[in-house]
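So the structure is just underneath, and the comments pick up after that.
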Amino acid sequence: MDVLFLSRLQFAAATFFHFLFVPLTLGLSILVAIMETKYARTGEEIYLRMTKFWSKLFLVNFAVGIVTGITLEFQFGTNWSRYSSFVGDIFGSLLAIEATAAFFLESTFIGVWVFGWKKLSAKAHAFVMWLVAFASTLSAIWILTANAWMQHPVGYVLKNGRAELESFADVVFQGFAVLEFIHTASAAYILSAFFVMGISAYHLLKKQHVEFFSKSFRMALVFGLIFSVLEVVEGHLHGSDLAEKQPTKLAAMEAHWQTMTYAPKYLFAWPDQQMEKNSIEIIPIPGVLSLLAKHTPSAEVKGLKDFPKEDRPPVLITYLSFNLMVGLGFYFVLVTLIGWLKRNKLMESPWYLKLMLYSIPLPYIACELGWTVAEVGRQPWIVYGLMKTADAFSPIATSQVLTSLVAFILVYGLLGAVGFYLIIKNAKQGPNPA
Amino acid sequence: MILQDIWFFLWGLLWAVYFITDGFDLGIGCLLPVLAKTDEEKRIMFNSMGPLWDGNEVWLLTAGGVTFAAFPKVYGVMFSSLYSALMLLLFSLILRGVCFEFRSKVNHPGWRRLWDTCMFAGSLLPAILLGVAFANIFRGIPFDGNGVYQGTLITLLNPYGLLGGLLFLMLFLVHGAIFLSIKSDGDLHTRAARTAGIIWWLLLVVAVIFLIASALYTPLYKNYLANPMLFIVIVITVLALLGIKVFVTKGHFWKAWFSSALTIIGATFYGVIGLYPNMFPSSIDPAYSLSAHNASSSPLTLKIMLVVAVIFVPIVLSYQIWAYNLFKHKVTKDDLAYEEAY
């Protein structure tokens, strides 16, 4: 094991773990803000109890999300120093702006919210939660803009042996970042909706706090339905954008080797990177890939064989992650649609409630798969077409990285265990009595 | 280039603001086993920094982020050279950060003891490590022309480095004890105020030794000797340090806290001015040293970041001051009774 491999493993572990908590922060902050706003406007006690109950889960999740985010910024310096020197002019400024413009707002006002119940009016207090939600979204926008630049670098010029900023507007307003943000935010909202629906289903199955959890369920359902549908539509646009901007990633996602017109999509395939073909191909549907990628079935889609071997991403991982993610995406649309039909008779469908309870982990899996597609599919590049991952890591001792990797696994393992234990414990406990 | 110099001093200022904000809550964390006799007193200590610590810590991310944006090469070489120390710092801050949320969620003595230990160790280590890191930077770091560090974690633990660690620890302890005096009542308040007074003497001794040792082990005074007007920074810092004692004795704790904050800013700038224009000097060959002039971002990035800083830093400061003001009252039993309290 070398420094490159260990550093990649460490960054993957740290990011995947961090992203177990980020989506719920993004989505639940909005749901809690809506609940509290309803309380501030109507004065109805049930909305206050909803705010208190769901925010308790939110805050545990928030704490783990915050602390695990800190290491990510610093890892660019510790483990990817050559990357940092090369792209800091652009990438570094996006991270710095995120901290100054968004993270401060989020971190300062979460403290005000938690401790400010008696110090602020109900309306001001609800507004503070909106500030927190707004700030976390803003934070996501900057971070995803930075990631989008790694996926599709724009607005730079190669000078003084590094990528220097040429147009800030090009970097900030590029289409890739917009799509990436919509995609990630929608995923976060779906995850949060399923979280709320699943926990509500748990209590509804036990026939306890029925009014409380029916209301919570329906609120999350609307949220989940809207964003599940949006995600599918956006996912399609995202895919065709990739065909143009990251052709190797798209080809790997679809296990597409040979450049051709009427490119097919397979119901299932098993790509073999060594042999440069699929060892299993089940039910090819001709023209579908061309249609999805280029909007017309006769269009030519570039295959992996058109690119040098050393420029292709790991095909199997990318293909499986992508297709599993897409499958889950359609599942989310399906079950939220069913939920919409059943929204007023939830108690009569215990099988549906059970399904929703056990669906809680699925959006988590979908999110991690999505990041796998984005990051593994970009390989061997750290900045697509501009810098290889193998040229980006820090010249440090293997033992150092090995030690910190073990520490990451131990510390994050502890945090994850405690965090989820507390969330589950509080979720099962249910709201305080009225 | 003037932009590089502006960013050099802004860089120093951001670190200084981080030290005065997170400094007091790191100090309170270190004092947890010393000052609190009961669980209630421990909770008062947790809640005294409860609403503020998170916003304080963002200054660290901002200082780091600005290093990345304005001086990318410094960012890469500095953080990869100080790898083990920085990882230790981050893990400490992580474990410490979750203590607030986790500690009071389960009512079991063993559970609370676990998070109390994390709070103590997670505050003590960063306080010392930050001092060790900066003292070593003042002294010079053994890295070569390719930015490859030629040492280990142990290399940093030289006498001058450790002295720097001790200095930061004392600064934060005094700063934290004073803040706790402001935020607490009764026995805890008396104990915190007395502790601030006692540790102040240790701080004074360590500070004097540090000022002398810096002349022996570092080139920090070169800039001062070239421009003696600069000695005024040291004079102001020493006056602020003396002011702490005066105000603590008189029981004017907010004034004492501001004196202590000024001492911390002064101590930071004492080093930053001495370093200028270096940011990460090499002890192997001065030619390898990274400075504001040879390791900065492009003028365009520096300009854009300056606009961002000029707009947002004042906004951040004003809402943080608003938040400090909102939570300036003493933590009482009433505060602990309420559901979201730590």
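Letters for chains follow the order of the structure tokens (A, B, ...), residue numbers begin at 1 for each chain, and ligand numbers begin at 1 in the order shown.
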Select from chain A every residue with an atom at most 7 Å from any atom of chain B, then for each give the shortest pair of atoms and their distance in Å to one decimal, using only C-alpha atoms, rows by chain and rising number, as JSON lines.
{"residue": "A:Val60", "atom": "CA", "partner": "B:Glu101", "partner_atom": "CA", "distance": 6.3}
{"residue": "A:Ala63", "atom": "CA", "partner": "B:Val98", "partner_atom": "CA", "distance": 5.9}
{"residue": "A:Val64", "atom": "CA", "partner": "B:Val98", "partner_atom": "CA", "distance": 6.5}
{"residue": "A:Val67", "atom": "CA", "partner": "B:Ile94", "partner_atom": "CA", "distance": 5.0}
{"residue": "A:Thr68", "atom": "CA", "partner": "B:Ile94", "partner_atom": "CA", "distance": 6.8}
{"residue": "A:Thr71", "atom": "CA", "partner": "B:Leu90", "partner_atom": "CA", "distance": 6.4}
{"residue": "A:Gly77", "atom": "CA", "partner": "B:Gly76", "partner_atom": "CA", "distance": 4.4}
{"residue": "A:Thr78", "atom": "CA", "partner": "B:Ser80", "partner_atom": "CA", "distance": 4.0}
{"residue": "A:Asn79", "atom": "CA", "partner": "B:Ser80", "partner_atom": "CA", "distance": 6.4}
{"residue": "A:Ser81", "atom": "CA", "partner": "B:Gly76", "partner_atom": "CA", "distance": 3.9}
{"residue": "A:Arg82", "atom": "CA", "partner": "B:Gly76", "partner_atom": "CA", "distance": 6.7}
{"residue": "A:Ser84", "atom": "CA", "partner": "B:Gly76", "partner_atom": "CA", "distance": 5.6}
{"residue": "A:Ser85", "atom": "CA", "partner": "B:Lys73", "partner_atom": "CA", "distance": 4.6}
{"residue": "A:Gly88", "atom": "CA", "partner": "B:Pro72", "partner_atom": "CA", "distance": 4.8}
{"residue": "A:Asp89", "atom": "CA", "partner": "B:Ser297", "partner_atom": "CA", "distance": 5.2}
{"residue": "A:Gly92", "atom": "CA", "partner": "B:Ala69", "partner_atom": "CA", "distance": 4.1}
{"residue": "A:Ser93", "atom": "CA", "partner": "B:Ala69", "partner_atom": "CA", "distance": 4.3}
{"residue": "A:Leu95", "atom": "CA", "partner": "B:Gly65", "partner_atom": "CA", "distance": 6.0}
{"residue": "A:Ala96", "atom": "CA", "partner": "B:Gly65", "partner_atom": "CA", "distance": 4.3}
{"residue": "A:Ala99", "atom": "CA", "partner": "B:Thr62", "partner_atom": "CA", "distance": 5.5}
{"residue": "A:Thr100", "atom": "CA", "partner": "B:Thr62", "partner_atom": "CA", "distance": 6.3}
{"residue": "A:Ala101", "atom": "CA", "partner": "B:Phe312", "partner_atom": "CA", "distance": 6.3}
{"residue": "A:Phe103", "atom": "CA", "partner": "B:Val58", "partner_atom": "CA", "distance": 6.9}
{"residue": "A:Phe104", "atom": "CA", "partner": "B:Gly55", "partner_atom": "CA", "distance": 5.9}
{"residue": "A:Ser107", "atom": "CA", "partner": "B:Gly55", "partner_atom": "CA", "distance": 4.8}
{"residue": "A:Thr108", "atom": "CA", "partner": "B:Gly55", "partner_atom": "CA", "distance": 4.4}
{"residue": "A:Gly111", "atom": "CA", "partner": "B:Pro51", "partner_atom": "CA", "distance": 4.1}
{"residue": "A:Val112", "atom": "CA", "partner": "B:Pro51", "partner_atom": "CA", "distance": 6.1}
{"residue": "A:Val114", "atom": "CA", "partner": "B:Glu340", "partner_atom": "CA", "distance": 6.3}
{"residue": "A:Phe115", "atom": "CA", "partner": "B:Pro51", "partner_atom": "CA", "distance": 6.2}
{"residue": "A:Glu164", "atom": "CA", "partner": "B:Ser298", "partner_atom": "CA", "distance": 6.5}
{"residue": "A:Leu165", "atom": "CA", "partner": "B:Thr301", "partner_atom": "CA", "distance": 6.5}
{"residue": "A:Ser394", "atom": "CA", "partner": "B:Ser80", "partner_atom": "CA", "distance": 6.4}
{"residue": "A:Pro395", "atom": "CA", "partner": "B:Val148", "partner_atom": "CA", "distance": 6.1}
{"residue": "A:Ile396", "atom": "CA", "partner": "B:Ser80", "partner_atom": "CA", "distance": 6.9}
{"residue": "A:Gln400", "atom": "CA", "partner": "B:Ser84", "partner_atom": "CA", "distance": 6.8}
{"residue": "A:Ser404", "atom": "CA", "partner": "B:Met87", "partner_atom": "CA", "distance": 7.0}
Write the selection just made, keeping N, CA and C atoms, as an mmCIF file, in the first residue's frame?
data_model
loop_
_atom_site.group_PDB
_atom_site.id
_atom_site.type_symbol
_atom_site.label_atom_id
_atom_site.label_comp_id
_atom_site.auth_asym_id
_atom_site.auth_seq_id
_atom_site.Cartn_x
_atom_site.Cartn_y
_atom_site.Cartn_z
ATOM 1 N N VAL A 60 -28.459 16.228 16.826
ATOM 2 C CA VAL A 60 -27.438 15.185 16.968
ATOM 3 C C VAL A 60 -26.752 14.977 15.619
ATOM 4 N N ALA A 63 -24.451 17.897 14.690
ATOM 5 C CA ALA A 63 -23.172 17.930 15.409
ATOM 6 C C ALA A 63 -22.146 17.036 14.717
ATOM 7 N N VAL A 64 -22.551 15.811 14.364
ATOM 8 C CA VAL A 64 -21.593 14.900 13.728
ATOM 9 C C VAL A 64 -21.222 15.428 12.337
ATOM 10 N N VAL A 67 -18.570 18.431 12.757
ATOM 11 C CA VAL A 67 -17.193 18.112 13.140
ATOM 12 C C VAL A 67 -16.470 17.294 12.065
ATOM 13 N N THR A 68 -17.229 16.474 11.321
ATOM 14 C CA THR A 68 -16.542 15.679 10.307
ATOM 15 C C THR A 68 -16.257 16.488 9.043
ATOM 16 N N THR A 71 -12.366 18.191 8.979
ATOM 17 C CA THR A 71 -11.177 17.481 8.489
ATOM 18 C C THR A 71 -11.074 17.537 6.970
ATOM 19 N N GLY A 77 -4.791 20.005 2.207
ATOM 20 C CA GLY A 77 -3.424 20.411 2.507
ATOM 21 C C GLY A 77 -2.571 19.252 2.978
ATOM 22 N N THR A 78 -3.105 18.444 3.906
ATOM 23 C CA THR A 78 -2.279 17.390 4.486
ATOM 24 C C THR A 78 -1.970 16.290 3.469
ATOM 25 N N ASN A 79 -2.973 15.821 2.743
ATOM 26 C CA ASN A 79 -2.777 14.652 1.887
ATOM 27 C C ASN A 79 -2.671 14.959 0.398
ATOM 28 N N SER A 81 -1.205 17.929 -1.130
ATOM 29 C CA SER A 81 -0.532 19.224 -1.162
ATOM 30 C C SER A 81 -0.200 19.651 -2.591
ATOM 31 N N ARG A 82 0.142 18.687 -3.464
ATOM 32 C CA ARG A 82 0.480 19.078 -4.840
ATOM 33 C C ARG A 82 -0.768 19.546 -5.585
ATOM 34 N N SER A 84 -3.256 21.008 -4.021
ATOM 35 C CA SER A 84 -3.538 22.318 -3.433
ATOM 36 C C SER A 84 -2.709 23.413 -4.079
ATOM 37 N N SER A 85 -1.420 23.134 -4.261
ATOM 38 C CA SER A 85 -0.565 24.150 -4.871
ATOM 39 C C SER A 85 -0.998 24.433 -6.305
ATOM 40 N N GLY A 88 -5.056 25.811 -5.974
ATOM 41 C CA GLY A 88 -5.498 26.653 -4.859
ATOM 42 C C GLY A 88 -6.043 28.001 -5.298
ATOM 43 N N ASP A 89 -5.465 28.535 -6.357
ATOM 44 C CA ASP A 89 -5.879 29.838 -6.859
ATOM 45 C C ASP A 89 -7.400 29.879 -7.105
ATOM 46 N N GLY A 92 -9.197 26.812 -3.805
ATOM 47 C CA GLY A 92 -9.042 27.311 -2.435
ATOM 48 C C GLY A 92 -9.962 28.479 -2.154
ATOM 49 N N SER A 93 -10.107 29.363 -3.163
ATOM 50 C CA SER A 93 -10.941 30.536 -2.898
ATOM 51 C C SER A 93 -12.406 30.138 -2.720
ATOM 52 N N LEU A 95 -13.482 27.386 -1.328
ATOM 53 C CA LEU A 95 -13.620 26.878 0.038
ATOM 54 C C LEU A 95 -13.582 28.018 1.052
ATOM 55 N N ALA A 96 -12.704 28.993 0.805
ATOM 56 C CA ALA A 96 -12.602 30.111 1.738
ATOM 57 C C ALA A 96 -13.891 30.930 1.749
ATOM 58 N N ALA A 99 -16.522 29.168 3.838
ATOM 59 C CA ALA A 99 -16.375 29.367 5.276
ATOM 60 C C ALA A 99 -16.867 30.752 5.686
ATOM 61 N N THR A 100 -16.460 31.773 4.921
ATOM 62 C CA THR A 100 -16.769 33.151 5.321
ATOM 63 C C THR A 100 -18.243 33.491 5.134
ATOM 64 N N ALA A 101 -18.795 33.082 3.989
ATOM 65 C CA ALA A 101 -20.143 33.551 3.664
ATOM 66 C C ALA A 101 -21.228 32.619 4.197
ATOM 67 N N PHE A 103 -20.601 29.170 6.273
ATOM 68 C CA PHE A 103 -20.401 28.324 7.441
ATOM 69 C C PHE A 103 -20.500 29.116 8.746
ATOM 70 N N PHE A 104 -20.012 30.357 8.720
ATOM 71 C CA PHE A 104 -20.150 31.227 9.891
ATOM 72 C C PHE A 104 -21.613 31.425 10.252
ATOM 73 N N SER A 107 -23.101 28.187 11.706
ATOM 74 C CA SER A 107 -22.602 27.790 13.024
ATOM 75 C C SER A 107 -22.979 28.783 14.109
ATOM 76 N N THR A 108 -23.016 30.058 13.764
ATOM 77 C CA THR A 108 -23.365 31.050 14.780
ATOM 78 C C THR A 108 -24.854 30.944 15.112
ATOM 79 N N GLY A 111 -26.286 27.979 17.261
ATOM 80 C CA GLY A 111 -26.144 28.233 18.699
ATOM 81 C C GLY A 111 -27.254 29.144 19.202
ATOM 82 N N VAL A 112 -27.541 30.182 18.419
ATOM 83 C CA VAL A 112 -28.605 31.112 18.789
ATOM 84 C C VAL A 112 -29.945 30.368 18.844
ATOM 85 N N VAL A 114 -30.527 27.046 19.348
ATOM 86 C CA VAL A 114 -30.623 26.074 20.444
ATOM 87 C C VAL A 114 -30.834 26.769 21.781
ATOM 88 N N PHE A 115 -30.121 27.865 21.996
ATOM 89 C CA PHE A 115 -30.160 28.515 23.304
ATOM 90 C C PHE A 115 -31.094 29.717 23.345
ATOM 91 N N GLU A 164 -4.438 29.094 -12.922
ATOM 92 C CA GLU A 164 -4.760 30.389 -12.306
ATOM 93 C C GLU A 164 -6.131 30.860 -12.779
ATOM 94 N N LEU A 165 -6.764 31.603 -11.902
ATOM 95 C CA LEU A 165 -8.103 32.100 -12.196
ATOM 96 C C LEU A 165 -8.066 33.088 -13.351
ATOM 97 N N SER A 394 0.408 14.297 -1.435
ATOM 98 C CA SER A 394 1.514 14.896 -0.685
ATOM 99 C C SER A 394 2.698 13.951 -0.600
ATOM 100 N N PRO A 395 3.919 14.511 -0.633
ATOM 101 C CA PRO A 395 5.105 13.683 -0.431
ATOM 102 C C PRO A 395 5.330 13.426 1.055
ATOM 103 N N ILE A 396 4.547 12.532 1.630
ATOM 104 C CA ILE A 396 4.681 12.264 3.066
ATOM 105 C C ILE A 396 4.905 10.785 3.299
ATOM 106 N N GLN A 400 2.644 7.665 8.278
ATOM 107 C CA GLN A 400 1.796 8.758 8.762
ATOM 108 C C GLN A 400 0.363 8.586 8.279
ATOM 109 N N SER A 404 -3.046 7.824 10.430
ATOM 110 C CA SER A 404 -4.219 8.706 10.464
ATOM 111 C C SER A 404 -5.445 7.983 9.910
#
Using the chain letters and numbers from this document, which residues of region 143-312 of chain A does DSSP assign to strand (DSSP E or B), as a PyMOL selection string? chain A and resi 156-159+162-165+260-261+265-272+277-285+300-301
Name the residues in contact with Met129 (chain A) at a cut-off of 7 Å, using only C-alpha atoms, excluding same-chain residues fewer than 4 positions from it; report them as a ChimeraX atom specification. /A:29,33,113,125,133
File of the preceding selection, N, CA, C and O atoms, as a tab-separated table (two decimals), in the first residue's frame:
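Dumped to again_13.tsv:
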chain	number	residue	atom	x	y	z
A	29	SER	N	-33.41	20.69	8.16
A	29	SER	CA	-33.43	22.09	8.62
A	29	SER	C	-34.61	22.82	7.98
A	29	SER	O	-35.29	23.62	8.63
A	33	ALA	N	-37.82	24.18	9.94
A	33	ALA	CA	-38.16	25.61	9.79
A	33	ALA	C	-39.62	25.78	9.37
A	33	ALA	O	-40.31	26.68	9.86
A	113	TRP	N	-30.16	29.47	17.90
A	113	TRP	CA	-31.43	28.74	17.86
A	113	TRP	C	-31.59	27.82	19.07
A	113	TRP	O	-32.61	27.83	19.74
A	125	HIS	N	-37.43	33.42	16.36
A	125	HIS	CA	-36.79	32.13	16.56
A	125	HIS	C	-36.95	31.24	15.33
A	125	HIS	O	-36.02	30.57	14.90
A	133	ALA	N	-31.04	27.00	7.77
A	133	ALA	CA	-31.32	26.22	6.57
A	133	ALA	C	-30.72	26.90	5.33
A	133	ALA	O	-30.10	26.25	4.49
Looking only at the backbone, which of the residues in region 89-212 of chain A does DSSP tag as helix (DSSP H, G or I), as a VMD selection string? chain A and resid 89 to 115 122 to 151 168 to 172 175 to 205 210 to 212
How many Å separate CA of Gly329 (chain A) from CA of Ile360 (chain A)? 13.6 Å
Neighbours of region 206-218 of chain B within 10 Å (only C-alpha atoms; same-chain residues fewer than 6 positions away dropped), as a ChimeraX atom specification? /B:135-140,159-160,163-164,166-168,170-171,200,234,238,241,267,270-271,274-275
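CA of Trp201 (chain B) sits 24.9 Å away from CA of Tyr221 (chain B).
The protein and nucleic acid residues lying at most 12 Å from Ile280 (chain A) are Ala255, Tyr266, Leu267, Phe268, Ala269, Trp270, Pro271, Asp272, Lys277, Ile283, Pro284 and Leu316 of chain A, with only C-alpha atoms considered and sequence neighbours fewer than 3 positions away removed.
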Since we have the selection now, will you write its residues out, keeping N, CA and C atoms, as an mmCIF file, in the first residue's frame?
data_model
loop_
_atom_site.group_PDB
_atom_site.id
_atom_site.type_symbol
_atom_site.label_atom_id
_atom_site.label_comp_id
_atom_site.auth_asym_id
_atom_site.auth_seq_id
_atom_site.Cartn_x
_atom_site.Cartn_y
_atom_site.Cartn_z
ATOM 1 N N ALA A 255 -21.396 1.162 -19.337
ATOM 2 C CA ALA A 255 -20.639 0.012 -19.830
ATOM 3 C C ALA A 255 -20.618 0.004 -21.366
ATOM 4 N N TYR A 266 -28.303 -1.469 -21.750
ATOM 5 C CA TYR A 266 -28.570 -2.858 -21.380
ATOM 6 C C TYR A 266 -29.426 -2.899 -20.127
ATOM 7 N N LEU A 267 -30.280 -3.910 -20.069
ATOM 8 C CA LEU A 267 -31.027 -4.123 -18.840
ATOM 9 C C LEU A 267 -30.041 -4.482 -17.722
ATOM 10 N N PHE A 268 -29.058 -5.278 -18.100
ATOM 11 C CA PHE A 268 -27.988 -5.588 -17.156
ATOM 12 C C PHE A 268 -26.717 -5.940 -17.929
ATOM 13 N N ALA A 269 -25.579 -5.500 -17.384
ATOM 14 C CA ALA A 269 -24.310 -5.860 -18.005
ATOM 15 C C ALA A 269 -23.267 -6.062 -16.911
ATOM 16 N N TRP A 270 -22.215 -6.764 -17.278
ATOM 17 C CA TRP A 270 -21.108 -6.958 -16.333
ATOM 18 C C TRP A 270 -19.812 -6.636 -17.069
ATOM 19 N N PRO A 271 -19.339 -5.368 -16.947
ATOM 20 C CA PRO A 271 -18.167 -4.965 -17.722
ATOM 21 C C PRO A 271 -16.876 -5.634 -17.243
ATOM 22 N N ASP A 272 -16.021 -5.930 -18.201
ATOM 23 C CA ASP A 272 -14.720 -6.523 -17.907
ATOM 24 C C ASP A 272 -13.647 -5.577 -18.440
ATOM 25 N N LYS A 277 -14.610 -5.340 -22.813
ATOM 26 C CA LYS A 277 -15.976 -5.640 -23.268
ATOM 27 C C LYS A 277 -16.810 -6.058 -22.069
ATOM 28 N N ILE A 283 -30.358 -8.177 -22.596
ATOM 29 C CA ILE A 283 -31.376 -7.358 -23.251
ATOM 30 C C ILE A 283 -30.879 -5.956 -23.601
ATOM 31 N N PRO A 284 -30.119 -5.843 -24.680
ATOM 32 C CA PRO A 284 -29.755 -4.504 -25.141
ATOM 33 C C PRO A 284 -30.968 -3.853 -25.821
ATOM 34 N N LEU A 316 -16.391 -1.213 -13.782
ATOM 35 C CA LEU A 316 -17.370 -2.023 -13.056
ATOM 36 C C LEU A 316 -18.010 -1.234 -11.895
#
I want to know what sits within 9 Å of region 140-144 of chain A, based on only C-alpha atoms, with residues of the same chain fewer than 3 positions away left out; could you give that as number ranges by chain? A: 26, 94-95, 97-98, 102, 135-137, 147-149, 172, 177-178, 180-181, 184-185
As an exercise, work out the distance from CA of Ala122 (chain A) to CA of Ala40 (chain A) in Å and give it to one decimal place. 5.3 Å
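Using only C-alpha atoms, the residues found no farther than 10 Å from Ala12 (chain A), other than those of its own chain fewer than 5 positions away, are A:Leu6, A:Ser7, A:Phe17, A:His18, A:Trp371, A:Thr372, A:Glu375, A:Val376.
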Print the selection's residues with C-alpha atoms to a file, as a PDB file, in the first residue's frame.
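Saved file result18.pdb follows:
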ATOM      1  CA  LEU A   6      -3.934   5.255   1.428  1.00  0.00           C
ATOM      2  CA  SER A   7      -4.658   8.937   0.886  1.00  0.00           C
ATOM      3  CA  PHE A  17     -18.830   9.338   6.435  1.00  0.00           C
ATOM      4  CA  HIS A  18     -19.353  13.100   6.366  1.00  0.00           C
ATOM      5  CA  TRP A 371     -20.731  10.202  -4.986  1.00  0.00           C
ATOM      6  CA  THR A 372     -19.062   6.968  -6.054  1.00  0.00           C
ATOM      7  CA  GLU A 375     -15.618  10.572  -7.951  1.00  0.00           C
ATOM      8  CA  VAL A 376     -14.625   7.091  -9.155  1.00  0.00           C
TER       9      VAL A 376
END
Using only C-alpha atoms, find each residue of region 44-148 of chain A with at least one atom at most 10 Å away from an atom of region 208-222 of chain A; report its shortest atom-to-atom pair and that distance in Å (one decimal), sort the rows by chain and rising residue number, and return the result as a Markdown table.
| residue | atom | partner | partner_atom | distance |
| --- | --- | --- | --- | --- |
| A:Ile46 | CA | A:Phe212 | CA | 6.9 |
| A:Tyr47 | CA | A:Phe212 | CA | 8.6 |
| A:Arg49 | CA | A:Phe212 | CA | 8.4 |
| A:Met50 | CA | A:Phe212 | CA | 7.2 |
| A:Trp54 | CA | A:Ser216 | CA | 9.3 |
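Each of A:Pro247, A:Gly416, A:Pro264, A:Gly239 was checked against Ala293 (chain A) using only C-alpha atoms; the smallest atom-to-atom distance is that of A:Gly239.
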